[in-house]
Structures are given as structure tokens and as C-alpha cells.
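A.B. asks: My structure is in final-v3.txt, and what it holds is compact mmCIF, C-alpha atoms:
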# COMPACT_ATOMS: atom_id res chain seq x y z
CA MET V 474 0.00 0.00 0.00
CA THR V 475 1.53 3.30 -1.06
CA ALA V 476 0.97 6.90 -0.04
CA THR V 477 2.65 10.29 -0.43
CA SER V 478 5.67 10.25 1.88
CA SER V 479 4.95 13.74 3.28
CA VAL V 480 1.50 12.71 4.50
CA ARG V 481 1.35 10.93 7.85
CA ILE V 482 -0.90 7.89 7.52
CA LEU V 483 -3.40 7.15 10.30
CA VAL V 484 -3.66 3.53 11.44
CA TYR V 485 -5.97 1.99 14.03
CA ALA V 486 -5.02 -1.51 15.22
CA ASP V 487 -6.90 -3.73 17.65
CA GLY V 488 -6.90 -7.32 18.90
CA SER V 489 -9.51 -9.63 20.39
CA CYS V 490 -9.55 -13.04 22.02
CA LEU V 491 -12.48 -15.23 23.02
CA GLY V 492 -11.77 -16.94 26.32
CA ASN V 493 -8.58 -14.95 26.93
CA PRO V 494 -5.88 -15.80 28.03
CA GLY V 495 -6.24 -18.73 25.65
CA GLY V 496 -8.63 -19.33 22.78
CA PRO V 497 -9.63 -18.18 19.28
CA GLY V 498 -8.58 -14.63 18.55
CA GLY V 499 -8.50 -12.01 15.84
CA TRP V 500 -6.92 -8.72 14.86
CA GLY V 501 -8.35 -5.80 12.94
CA VAL V 502 -6.76 -2.81 11.21
CA VAL V 503 -8.18 0.38 9.69
CA ILE V 504 -5.75 2.42 7.56
CA VAL V 505 -6.68 5.94 6.43
CA THR V 506 -4.71 7.27 3.44
CA PRO V 507 -5.33 10.15 1.02
CA GLU V 508 -6.57 7.54 -1.47
CA GLY V 509 -9.18 6.12 0.91
CA THR V 510 -9.76 3.85 3.90
CA HIS V 511 -8.42 0.29 3.89
CA ARG V 512 -9.41 -2.53 6.25
CA LEU V 513 -7.49 -5.69 7.16
CA SER V 514 -8.21 -8.53 9.56
CA GLY V 515 -7.13 -12.04 10.43
CA GLY V 516 -7.39 -14.64 13.16
CA ASP V 517 -5.78 -17.49 15.05
CA SER V 518 -7.51 -20.54 16.51
CA GLN V 519 -5.41 -20.52 19.72
CA THR V 520 -3.93 -17.27 20.95
CA THR V 521 -4.22 -14.48 23.54
CA ASN V 522 -5.51 -10.93 23.45
CA ASN V 523 -2.00 -9.52 23.87
CA ARG V 524 -0.68 -11.49 20.90
CA MET V 525 -3.51 -10.24 18.72
CA GLU V 526 -2.85 -6.63 19.76
CA ILE V 527 0.79 -6.98 18.67
CA MET V 528 -0.19 -8.86 15.50
CA ALA V 529 -2.55 -6.08 14.48
CA ALA V 530 0.31 -3.58 14.59
CA ILE V 531 2.62 -5.94 12.67
CA GLU V 532 0.11 -6.54 9.87
CA ALA V 533 -0.71 -2.84 9.60
CA LEU V 534 2.94 -1.93 9.08
CA ARG V 535 3.49 -4.82 6.68
CA ALA V 536 0.71 -3.46 4.48
CA LEU V 537 2.44 -0.08 4.06
CA ASP V 538 5.47 0.72 1.96
CA PRO V 539 8.69 1.52 3.83
CA GLY V 540 9.41 5.11 4.81
CA ILE V 541 5.79 6.27 5.07
CA PRO V 542 5.18 8.42 8.19
CA ILE V 543 2.58 6.67 10.33
CA ILE V 544 0.51 7.37 13.44
CA LEU V 545 -0.50 3.98 14.85
CA ARG V 546 -3.28 4.18 17.43
CA SER V 547 -4.29 1.36 19.74
CA ASP V 548 -6.38 1.00 22.90
CA SER V 549 -3.82 -1.50 24.21
CA GLN V 550 -1.54 0.10 26.78
CA TYR V 551 0.39 -3.17 26.74
CA LEU V 552 1.35 -2.44 23.11
CA VAL V 553 1.76 1.33 23.25
CA ARG V 554 3.60 1.56 26.58
CA THR V 555 5.94 -1.26 25.57
CA MET V 556 6.87 0.54 22.36
CA ASN V 557 6.97 4.08 23.79
CA ASP V 558 8.10 3.58 27.39
CA GLY V 559 10.13 0.41 27.22
CA TRP V 560 7.92 -1.83 29.32
CA ARG V 561 9.70 -5.11 30.03
CA ARG V 562 8.91 -7.80 27.45
CA THR V 563 8.33 -10.95 29.48
CA LYS V 564 6.28 -12.84 26.87
CA ASN V 565 5.53 -12.94 23.13
CA GLN V 566 9.16 -12.41 22.18
CA ASP V 567 8.57 -13.79 18.65
CA LEU V 568 5.99 -11.12 17.88
CA TRP V 569 7.95 -8.28 19.50
CA GLN V 570 10.88 -9.17 17.24
CA GLN V 571 8.64 -9.08 14.17
CA LEU V 572 7.19 -5.74 15.24
CA ASP V 573 10.65 -4.28 15.83
CA ARG V 574 11.62 -5.24 12.27
CA GLU V 575 8.53 -3.57 10.84
CA VAL V 576 8.98 -0.42 12.93
CA ALA V 577 12.56 -0.13 11.65
CA ARG V 578 11.17 0.13 8.09
CA HIS V 579 8.86 3.05 8.89
CA ASP V 580 8.57 6.37 10.68
CA VAL V 581 6.03 5.27 13.31
CA ARG V 582 4.49 7.14 16.22
CA PHE V 583 2.44 5.00 18.62
CA GLU V 584 -0.54 6.66 20.35
CA TRP V 585 -2.90 5.22 22.98
CA VAL V 586 -6.64 5.82 22.65
CA ARG V 587 -9.30 4.92 25.20
CA GLY V 588 -11.34 1.92 24.06
CA HIS V 589 -15.14 2.12 23.68
CA ALA V 590 -15.04 5.90 24.08
CA GLY V 591 -16.74 6.94 20.86
CA ASP V 592 -13.76 6.90 18.47
CA ALA V 593 -15.43 5.52 15.34
CA LEU V 594 -12.25 4.17 13.73
CA ASN V 595 -11.14 2.47 16.93
CA GLU V 596 -14.59 0.89 17.24
CA GLU V 597 -14.35 -0.29 13.63
CA ALA V 598 -10.96 -1.91 14.22
CA ASP V 599 -12.42 -3.58 17.32
CA GLU V 600 -15.37 -4.91 15.30
CA LEU V 601 -13.01 -6.30 12.66
CA ALA V 602 -10.93 -8.03 15.34
CA GLY V 603 -14.02 -9.44 17.04
CA GLU V 604 -15.45 -10.83 13.82
CA ALA V 605 -12.07 -12.40 12.95
CA ALA V 606 -11.98 -14.01 16.41
CA ARG V 607 -15.49 -15.38 15.97
CA SER V 608 -14.54 -16.75 12.54
CA ALA V 609 -11.49 -18.43 14.04
CA ALA V 610 -13.72 -19.95 16.72
CA ARG V 611 -16.21 -21.55 14.33
CA PRO V 612 -14.06 -24.55 13.26
CA ALA V 613 -13.20 -25.25 16.90
CA MET V 614 -16.86 -25.03 17.88
CA ALA V 615 -17.84 -27.43 15.10
CA ALA V 616 -15.17 -29.90 16.18
CA SER V 617 -16.31 -29.64 19.78
CA ALA V 618 -19.93 -30.27 18.79
CA THR V 619 -18.90 -33.35 16.81
CA GLU V 620 -16.93 -34.66 19.77
CA ARG V 621 -19.86 -34.14 22.13
CA THR V 622 -22.22 -35.95 19.76
CA ALA V 623 -19.85 -38.89 19.44
CA GLY V 624 -19.38 -38.96 23.18
CA ALA V 625 -23.12 -39.15 23.76
CA ARG V 626 -23.21 -42.51 21.97
CA ARG V 627 -20.59 -44.03 24.24
CA PRO V 628 -21.85 -45.81 27.37
CA ALA V 629 -21.28 -43.84 30.54
CA ARG V 630 -18.57 -45.13 32.85
CA PRO V 631 -19.71 -46.00 36.37
CA ALA V 632 -18.71 -43.49 38.99
CA GLY V 633 -16.11 -44.61 41.48
CA GLY V 634 -16.30 -44.38 45.25
CA ALA V 635 -19.42 -44.95 47.31
CA ALA V 636 -22.63 -46.13 45.71
CA GLY V 637 -24.35 -43.31 43.83
CA ALA V 638 -21.40 -40.99 44.28
CA GLY V 639 -20.21 -39.09 41.20
CA ILE V 640 -16.87 -37.54 40.40
CA ALA V 641 -16.82 -33.89 41.29
CA ALA V 642 -15.98 -31.51 38.44
CA PRO V 643 -12.82 -29.50 38.95
CA ALA V 644 -13.34 -25.99 40.21
CA ALA V 645 -13.30 -23.30 37.53
CA PRO V 646 -10.10 -21.24 37.50
CA PRO V 647 -10.38 -17.63 38.66
CA VAL V 648 -11.16 -15.09 35.95
CA SER V 649 -7.97 -13.53 34.62
CA PHE V 650 -7.11 -11.28 31.70
CA GLY V 651 -3.58 -12.70 31.53
CA ASP V 652 -0.47 -11.91 33.53
CA GLU V 653 0.44 -8.70 31.69
CA ILE V 654 -3.11 -7.31 31.74
CA ASP V 655 -3.65 -8.16 35.42
CA GLU V 656 -0.43 -6.35 36.28
CA LEU V 657 -1.46 -3.43 34.09
CA ILE V 658 -4.84 -3.19 35.84
CA ARG V 659 -3.25 -3.23 39.28
CA GLU V 660 -0.50 -0.73 38.61
CA ARG V 661 -1.67 1.52 35.80
CA LEU V 662 -5.38 1.43 35.07
CA LYS V 663 -7.06 1.50 38.50
CA PRO V 664 -5.72 4.98 39.36
CA MET V 665 -7.26 6.23 36.09
CA LEU V 666 -10.77 5.07 36.97
CA GLU V 667 -13.37 7.67 37.85
CA ARG V 668 -15.84 7.41 40.73
CA GLY V 669 -18.23 4.48 40.21
CA GLU V 670 -16.07 2.82 37.50
CA ARG V 671 -14.43 -0.60 37.65
CA ILE V 672 -12.52 -2.94 35.34
CA ALA V 673 -14.83 -5.76 34.21
CA ARG V 674 -14.79 -8.58 31.71
CA CYS V 675 -17.53 -8.60 29.07
CA ALA V 676 -19.82 -11.60 29.52
CA VAL V 677 -20.11 -11.99 25.73
CA CYS V 678 -16.78 -11.16 24.02
CA LYS V 679 -14.66 -11.65 27.19
CA LYS V 680 -12.65 -8.47 26.59
CA GLY V 681 -11.91 -6.12 29.43
CA PHE V 682 -13.83 -2.86 29.61
CA VAL V 683 -14.52 0.01 31.99
CA ALA V 684 -17.88 -0.73 33.63
CA ARG V 685 -20.20 1.55 35.54
CA GLY V 686 -22.61 0.21 38.12
CA GLY V 687 -23.73 -3.35 37.41
CA GLU V 688 -22.78 -3.45 33.71
CA THR V 689 -21.77 -6.95 32.56
CA CYS V 690 -21.38 -6.34 28.81
CA CYS V 691 -19.24 -3.85 26.91
CA SER V 692 -20.73 -1.29 24.53
CA LEU V 693 -20.12 -3.22 21.29
CA ILE V 694 -23.32 -3.72 19.31
CA GLY V 695 -22.97 -7.50 19.12
CA CYS V 696 -22.45 -7.83 22.86
CA GLN V 697 -25.38 -5.55 23.69
CA MET V 698 -27.69 -7.45 21.31
CA SER V 699 -26.58 -10.82 22.66
CA LYS V 700 -27.38 -9.64 26.17
CA ARG V 701 -30.93 -8.75 25.12
CA CYS V 702 -31.66 -12.03 23.33
Please rewrite the model in this file as C-alpha cells.
C.D. replies:
Amino acid sequence: MTATSSVRILVYADGSCLGNPGGPGGWGVVIVTPEGTHRLSGGDSQTTNNRMEIMAAIEALRALDPGIPIILRSDSQYLVRTMNDGWRRTKNQDLWQQLDREVARHDVRFEWVRGHAGDALNEEADELAGEAARSAARPAMAASATERTAGARRPARPAGGAAGAGIAAPAAPPVSFGDEIDELIRERLKPMLERGERIARCAVCKKGFVARGGETCCSLIGCQMSKRC
């Protein structure tokens, strides 16, 4: 993708993951050039939200010719603060190396934007990432459904222990956004919250968002509609 070198190109990059910190995920990119607006997206059947945030930035820069001045905006402080402030890279070294190579080819300025705050292009990148994550999830869901159907035809194994006693299901693990995000929430995001706000996890898309009161779903259209069904 080419553009006049004197014009700074605007890029919005976002990532999404269903069941983070492990599950189907997607990335979405919106690139605004003098010639028009371009949209890119892709997914991975097993990933994390952080990896998709980095991947969105990588794919955005790969799509642009070298030397083009770029403003890359993301609502991921994990991405922006790592690139701007030198946050320690404890995971995802393979993707950070790829991103470093792409950044070296361009004149890039990373900017953080608040998610779900009315920025139309950021919302569009988020929608692209969410749809890519849902597309990545569909093959896994189909395979899971096939496995459950096959399992239903198998005779049930008798439960061990005392007569009539079943095997207790393992306790569900505590909700977590991943090591980096949990640390970010504790150290960086909580002081930024206003009165009555809290960090919550959307019951539909599983992404973190700033909630007010008893909100359980983020402001994305799909999540709001799913909640009402």
C-alpha cells in the first residue's frame, strides 16, 4: 500500500480473544490514506488478546510501503507503553521481534486511545478483530460439537467411590485477563478510573472494559444485542 511520503498515515489496530488468556482470537486494522480507507483482519484458533494486539500492529505496518510516516493508534496500553516507554517484554518475544523489524522500516508514532469511548475508527478496528476471532472460533466449535455428539453414543462409565457418588468436576479457575493485563490493571489502570467505575470482563466477548454500576457487557453492538436475546 503506497501513499505520499509527506503525508502521515493514520492507522488503528486492535486485537480480540475469546476466552482470553487462551482461545480463538483475531486482529483488525483500519488504515486511512489520502486515497481512501483500507481494512485488514485475520485470526488465530489458539492465541491471547496480547498477541492479537501486537499482531494487528505488525500486519498494519506490513501493508504499508517503507518510509511512510505513520501514526499507529491502539487502545492497548500493553502495546503502546511497551513501544513508547520500554515496558519489560516478558512474553511474546517472537511477535515483538517481528514488530521491531517492521517499525525499523517506517517512521512510526504510537498513540494510545481509550477503548469504547466513541472513536469511530477504533470501534471499527475492534469490530473487525471481534469478527475475525469469531470466525477463528467456528471450526473449533464445530469440532467440539462433533466430539460431544460422538461422546453421547458411548456408554457412561460408572462413577467410582461410594454407591451413587459421582466424580466432582474440577473448580473453575479464577477469571484472569492474563499476567500482563492483570499487572497493568493493578499498577496503571485503576488509578485512572473515575468514581463508580471498575474494570470488568464482558460476559459476551470476554474483553476487558470500563464498567459503571452493574454493567456486565461492553458497549459493542454484538455484545449488547446478545445480552438482550
A.B. asks: For Leu572 in chain V, which residue among V:Ala536, V:Leu666, V:Ile531, V:Cys691 is the nearest when counting only C-alpha atoms?
C.D. replies: V:Ile531
A.B. asks: If you measure from CA of Ile694 in chain V to CA of Leu513 in chain V, what distance in Å do you get, rounded to one decimal?
C.D. replies: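 For CA of Ile694 in chain V relative to CA of Leu513 in chain V, the distance reads 20.1 Å.
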A.B. asks: When you draw a straight line from CA of Lys679 in chain V to CA of Leu491 in chain V, how long is it in Å?
C.D. replies: 5.9 Å
A.B. asks: Using all atoms listed in the file, list the residues that have an atom at most 12 Å from (6.7, -13.4, 23.2), coordinates as in the file, as a list in words.
C.D. replies: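 Output of the proximity query reads Thr520, Thr521, Asn523, Arg524, Met525, Ile527, Met528, Arg561, Arg562, Thr563, Lys564, Asn565, Gln566, Asp567, Leu568, Trp569, Gln570, Gln571, Leu572 and Glu653 of chain V.
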A.B. asks: Can you write out the residues you just picked, keeping C-alpha atoms, as a compact mmCIF listing (two decimals), keeping the file's coordinate frame?
C.D. replies:
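File produced: selection.txt:
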# COMPACT_ATOMS: atom_id res chain seq x y z
CA THR V 520 -3.93 -17.27 20.95
CA THR V 521 -4.22 -14.48 23.54
CA ASN V 523 -2.00 -9.52 23.87
CA ARG V 524 -0.68 -11.49 20.90
CA MET V 525 -3.51 -10.24 18.72
CA ILE V 527 0.79 -6.98 18.67
CA MET V 528 -0.19 -8.86 15.50
CA ARG V 561 9.70 -5.11 30.03
CA ARG V 562 8.91 -7.80 27.45
CA THR V 563 8.33 -10.95 29.48
CA LYS V 564 6.28 -12.84 26.87
CA ASN V 565 5.53 -12.94 23.13
CA GLN V 566 9.16 -12.41 22.18
CA ASP V 567 8.57 -13.79 18.65
CA LEU V 568 5.99 -11.12 17.88
CA TRP V 569 7.95 -8.28 19.50
CA GLN V 570 10.88 -9.17 17.24
CA GLN V 571 8.64 -9.08 14.17
CA LEU V 572 7.19 -5.74 15.24
CA GLU V 653 0.44 -8.70 31.69
A.B. asks: Please measure the separation of CA of Cys678 in chain V and CA of Gly515 in chain V, giving the value in Å to one decimal.
C.D. replies: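 About the pair CA of Cys678 in chain V and CA of Gly515 in chain V: they are 16.7 Å apart.
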A.B. asks: Taking into account all atoms listed in the file, which residue in the set V:Leu552, V:Val586, V:Cys696, V:Ala676 is nearest to Glu604 in chain V?
C.D. replies: V:Cys696
A.B. asks: Looking at V:Met556, V:Gly492, V:Ile482, V:Ala605, which one is nearest to Ile544 in chain V, with distances taken over only C-alpha atoms?
C.D. replies: V:Ile482
A.B. asks: Around all listed atoms of range 566-577 of chain V, padded 6 Å per side, what centre and edge lengths does the axis-aligned box have in Å to one decimal, as AutoDock Vina command-line options?
C.D. replies:
--center_x 9.3 --center_y -7.0 --center_z 16.5 --size_x 18.6 --size_y 25.7 --size_z 23.3
A.B. asks: Keeping N, CA and C atoms, write range 518-547 of chain V of the structure just shown out as a PDB file, in the first residue's frame.
C.D. replies:
ATOM      1  N   SER V 518      -6.619 -19.660  15.755  1.00  0.00           N
ATOM      2  CA  SER V 518      -7.511 -20.543  16.513  1.00  0.00           C
ATOM      3  C   SER V 518      -7.117 -20.695  17.975  1.00  0.00           C
ATOM      4  N   GLN V 519      -5.866 -20.385  18.325  1.00  0.00           N
ATOM      5  CA  GLN V 519      -5.412 -20.522  19.719  1.00  0.00           C
ATOM      6  C   GLN V 519      -4.399 -19.418  19.998  1.00  0.00           C
ATOM      7  N   THR V 520      -4.805 -18.418  20.753  1.00  0.00           N
ATOM      8  CA  THR V 520      -3.926 -17.272  20.954  1.00  0.00           C
ATOM      9  C   THR V 520      -4.326 -16.545  22.234  1.00  0.00           C
ATOM     10  N   THR V 521      -3.841 -15.324  22.408  1.00  0.00           N
ATOM     11  CA  THR V 521      -4.224 -14.482  23.541  1.00  0.00           C
ATOM     12  C   THR V 521      -4.530 -13.082  23.017  1.00  0.00           C
ATOM     13  N   ASN V 522      -5.181 -12.292  23.850  1.00  0.00           N
ATOM     14  CA  ASN V 522      -5.508 -10.926  23.450  1.00  0.00           C
ATOM     15  C   ASN V 522      -4.241 -10.114  23.192  1.00  0.00           C
ATOM     16  N   ASN V 523      -3.234 -10.276  24.053  1.00  0.00           N
ATOM     17  CA  ASN V 523      -1.996  -9.522  23.869  1.00  0.00           C
ATOM     18  C   ASN V 523      -1.324  -9.842  22.544  1.00  0.00           C
ATOM     19  N   ARG V 524      -1.306 -11.110  22.167  1.00  0.00           N
ATOM     20  CA  ARG V 524      -0.679 -11.491  20.899  1.00  0.00           C
ATOM     21  C   ARG V 524      -1.433 -10.865  19.729  1.00  0.00           C
ATOM     22  N   MET V 525      -2.741 -10.821  19.815  1.00  0.00           N
ATOM     23  CA  MET V 525      -3.513 -10.239  18.724  1.00  0.00           C
ATOM     24  C   MET V 525      -3.324  -8.723  18.645  1.00  0.00           C
ATOM     25  N   GLU V 526      -3.125  -8.064  19.787  1.00  0.00           N
ATOM     26  CA  GLU V 526      -2.846  -6.628  19.761  1.00  0.00           C
ATOM     27  C   GLU V 526      -1.527  -6.358  19.032  1.00  0.00           C
ATOM     28  N   ILE V 527      -0.512  -7.154  19.340  1.00  0.00           N
ATOM     29  CA  ILE V 527       0.786  -6.985  18.669  1.00  0.00           C
ATOM     30  C   ILE V 527       0.664  -7.334  17.189  1.00  0.00           C
ATOM     31  N   MET V 528      -0.056  -8.421  16.884  1.00  0.00           N
ATOM     32  CA  MET V 528      -0.189  -8.861  15.502  1.00  0.00           C
ATOM     33  C   MET V 528      -0.892  -7.822  14.651  1.00  0.00           C
ATOM     34  N   ALA V 529      -1.857  -7.122  15.220  1.00  0.00           N
ATOM     35  CA  ALA V 529      -2.553  -6.076  14.478  1.00  0.00           C
ATOM     36  C   ALA V 529      -1.566  -4.995  14.031  1.00  0.00           C
ATOM     37  N   ALA V 530      -0.678  -4.601  14.934  1.00  0.00           N
ATOM     38  CA  ALA V 530       0.315  -3.582  14.585  1.00  0.00           C
ATOM     39  C   ALA V 530       1.283  -4.097  13.526  1.00  0.00           C
ATOM     40  N   ILE V 531       1.708  -5.359  13.654  1.00  0.00           N
ATOM     41  CA  ILE V 531       2.622  -5.945  12.671  1.00  0.00           C
ATOM     42  C   ILE V 531       1.996  -5.937  11.279  1.00  0.00           C
ATOM     43  N   GLU V 532       0.753  -6.426  11.179  1.00  0.00           N
ATOM     44  CA  GLU V 532       0.112  -6.541   9.874  1.00  0.00           C
ATOM     45  C   GLU V 532      -0.184  -5.172   9.278  1.00  0.00           C
ATOM     46  N   ALA V 533      -0.483  -4.192  10.112  1.00  0.00           N
ATOM     47  CA  ALA V 533      -0.713  -2.840   9.603  1.00  0.00           C
ATOM     48  C   ALA V 533       0.551  -2.293   8.953  1.00  0.00           C
ATOM     49  N   LEU V 534       1.679  -2.458   9.619  1.00  0.00           N
ATOM     50  CA  LEU V 534       2.939  -1.932   9.079  1.00  0.00           C
ATOM     51  C   LEU V 534       3.391  -2.722   7.862  1.00  0.00           C
ATOM     52  N   ARG V 535       3.126  -4.016   7.848  1.00  0.00           N
ATOM     53  CA  ARG V 535       3.490  -4.825   6.676  1.00  0.00           C
ATOM     54  C   ARG V 535       2.740  -4.378   5.425  1.00  0.00           C
ATOM     55  N   ALA V 536       1.541  -3.856   5.620  1.00  0.00           N
ATOM     56  CA  ALA V 536       0.709  -3.463   4.476  1.00  0.00           C
ATOM     57  C   ALA V 536       1.151  -2.144   3.857  1.00  0.00           C
ATOM     58  N   LEU V 537       2.017  -1.392   4.534  1.00  0.00           N
ATOM     59  CA  LEU V 537       2.438  -0.079   4.058  1.00  0.00           C
ATOM     60  C   LEU V 537       3.879  -0.110   3.555  1.00  0.00           C
ATOM     61  N   ASP V 538       4.128   0.653   2.502  1.00  0.00           N
ATOM     62  CA  ASP V 538       5.469   0.718   1.958  1.00  0.00           C
ATOM     63  C   ASP V 538       6.433   1.340   2.956  1.00  0.00           C
ATOM     64  N   PRO V 539       7.713   0.971   2.895  1.00  0.00           N
ATOM     65  CA  PRO V 539       8.694   1.522   3.826  1.00  0.00           C
ATOM     66  C   PRO V 539       8.809   3.037   3.697  1.00  0.00           C
ATOM     67  N   GLY V 540       9.129   3.677   4.821  1.00  0.00           N
ATOM     68  CA  GLY V 540       9.405   5.107   4.812  1.00  0.00           C
ATOM     69  C   GLY V 540       8.205   6.005   4.947  1.00  0.00           C
ATOM     70  N   ILE V 541       6.994   5.442   4.955  1.00  0.00           N
ATOM     71  CA  ILE V 541       5.794   6.272   5.075  1.00  0.00           C
ATOM     72  C   ILE V 541       5.618   6.689   6.532  1.00  0.00           C
ATOM     73  N   PRO V 542       5.452   7.991   6.810  1.00  0.00           N
ATOM     74  CA  PRO V 542       5.184   8.422   8.195  1.00  0.00           C
ATOM     75  C   PRO V 542       3.820   7.911   8.657  1.00  0.00           C
ATOM     76  N   ILE V 543       3.789   7.342   9.856  1.00  0.00           N
ATOM     77  CA  ILE V 543       2.576   6.672  10.334  1.00  0.00           C
ATOM     78  C   ILE V 543       2.281   7.076  11.773  1.00  0.00           C
ATOM     79  N   ILE V 544       1.008   7.309  12.060  1.00  0.00           N
ATOM     80  CA  ILE V 544       0.515   7.368  13.436  1.00  0.00           C
ATOM     81  C   ILE V 544      -0.273   6.080  13.660  1.00  0.00           C
ATOM     82  N   LEU V 545       0.177   5.243  14.564  1.00  0.00           N
ATOM     83  CA  LEU V 545      -0.499   3.984  14.853  1.00  0.00           C
ATOM     84  C   LEU V 545      -1.180   4.099  16.208  1.00  0.00           C
ATOM     85  N   ARG V 546      -2.501   4.035  16.204  1.00  0.00           N
ATOM     86  CA  ARG V 546      -3.285   4.180  17.425  1.00  0.00           C
ATOM     87  C   ARG V 546      -3.845   2.838  17.871  1.00  0.00           C
ATOM     88  N   SER V 547      -3.802   2.606  19.166  1.00  0.00           N
ATOM     89  CA  SER V 547      -4.289   1.357  19.743  1.00  0.00           C
ATOM     90  C   SER V 547      -4.841   1.639  21.130  1.00  0.00           C
TER      91      SER V 547
END
